[in-house]
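Input: a single structure, listed below in structure tokens.
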Amino acid sequence: MNISQMINYWGYPSEEYEVVTEDGYILGVFRIPYGKKNSENLGKRPVVFLQHGLLASATNWIANLPNNSLAFILADAGYDVWLGNSRGNTWSRKNLYYSPDSVEFWAFSFDEMAKYDLPATIDFIVEKTGQEKLHYVGHSQGTTIGFIAFSTIPTLAKRIKTFYALAPVATVTYAESPLKKLSLIPASLFKSRFDVYLGHNPAGTSVQDILHWSQVAKSGKLQAFNWGSPFQNLLHYNQRTPPDYDVSAMTVPIAVWNGGHDILADPKDVDMLLPKLQNLLYHKEVLPYNHLDFIWAMNAPQEVYDEILSLMAED
């Protein structure tokens with residue numbers, strides 16, 4: 001099924017849009033305007049935008065049963081729910097100028113997702129809903145592009161009520177290769193909803209994006225993509241080395257959840273990140289959780305989503 005079919009399958013309304021970025025990428029953006037329980041109340045609803053992580057897509061938020069999937073839970077709680085898709089994934093593989101068969105199409109990493117994809121999508125949502133501010137929920141790389149965009153684009157930061165960061169990734173100094181760990185997953189775990197997850201994941205990204213992450217791992221810093229030579233970096237950044245991103249420049253209020261067994265957003269990396277957050281409202285480490293439990297665990301509503309809802313309600 002495509003995203004709209006998955007949403008409709010559970011009896012929820014869905015809308016689909018194409019958002020064009022400043023540099024010509026066409027992103028598939030999806031909306032669940034209201035829930036099953038509150039369709040008659042058609043006033044303005046508070047807006048929530050959900051942004052997936054590395055190699056993933058908007059399906060992450062709707063892949064479980066409605067009582068377990070954050071997008072459906074939010075819609076039923078009275079929110080206007082929007083689901084983003086980063087350039088290069090299954091639902092965002094079009095461009096005004098380049099074919100996905102061209103090298104040019106894939107010349108991007110999370111730099112461009114933060115600089116172009118996020119502003120274009122959020123501007124589109126603000127225009128469509130008439131609401132100046134929205135809640136931002138990011139998972140994994142969805143938090144990374146939030147950190148970059150909200151610390152470097154002040155006009156965009158003003159549009160965010162609160163940033164809810166699940167398995168946040170700013171540095172990956174302590175992260176391990178996930179491939180080594182796949183062999184450790186017990187067979188019984190593969191048999192639950194794995195067919196649904198694997199039907200939609202990995203949803204694709206550029207080699208450059210993966211390469212960028214390996215640079216971040218080596219340098220121990222969150223910085224822009226290194227184009228490989230001082231000359232190339234000069235062309236892109238007017239300096240010989242890639243600029244660092246300063247997470248501490250972000251003033252958006254943020255709540256953070258991380259996993260005690262997360263090999264990508266390692267607790268030691270998260271410990272380095274937390275003191276840099278100027279406006280930290282809440283932090284919780286869910287000890288048994290790994291990287292994907294924030295979107296797929298059976299008890300994610302009890303451990304994480306209920307807390308997100310109560311923080312949003314206070315807002």
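Every chain in the structure tokens takes a letter, A first, then B, and so on in the order presented; its residues are numbered from 1, and the ligands are numbered from 1 following the presented order.
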Check: DSSP on the backbone: what in range 102-166 of chain A comes out alpha helix (DSSP H), as JSON, numbers by chain?
Finding: {"A": [110, 111, 112, 118, 119, 120, 121, 122, 123, 124, 125, 126, 127, 128, 129, 141, 142, 143, 144, 145, 146, 147, 148, 149, 150, 151, 152, 154, 155, 156, 157]}
Margin query: List the spatial neighbours of range 251-260 of chain A as a list in words - criterion: any atom at most 6 Å away, only C-alpha atoms, same-chain residues fewer than 6 positions off excluded.
Written below: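 That gives Thr162, Phe163, Tyr164, Ala165, Leu166, Ala167, Gln278, Asn279, Leu280, Leu281, Tyr282, His283, Lys284, Glu285, Val286, Leu287, Pro288, Tyr289 and Asn290 of chain A.
Among the candidates A:Ile62, A:Leu234, A:Leu96, A:Ala149, the one nearest to Val19 in chain A when counting only C-alpha atoms is A:Leu96.
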Could you produce a table of the residues of range 42-129 of chain A lying within 9 Å of range 302-307 of chain A, with the nearest pair of atoms per residue and their separation in Å rounded to one decimal, using only C-alpha atoms, ordered by chain and increasing residue number, as JSON lines?
```
{"residue": "A:Asn68", "atom": "CA", "partner": "A:Tyr305", "partner_atom": "CA", "distance": 9.0}
{"residue": "A:Leu70", "atom": "CA", "partner": "A:Tyr305", "partner_atom": "CA", "distance": 6.7}
{"residue": "A:Ile73", "atom": "CA", "partner": "A:Tyr305", "partner_atom": "CA", "distance": 8.2}
{"residue": "A:Leu74", "atom": "CA", "partner": "A:Tyr305", "partner_atom": "CA", "distance": 8.8}
```
Next item on the list: Measuring atom to atom with only C-alpha atoms, identify which of A:Ile148, A:Val270, A:Ala114, A:Met1 is nearest to Tyr245 in chain A.
Entry: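 Closest candidate: A:Ile148.
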Next item on the list: Could you check which of A:Leu264, A:Leu273, A:Val81, A:Ala170 is closest to Val216 in chain A, using only C-alpha atoms?
Entry: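 Among the listed residues, A:Ala170 lies closest to Val216 in chain A.
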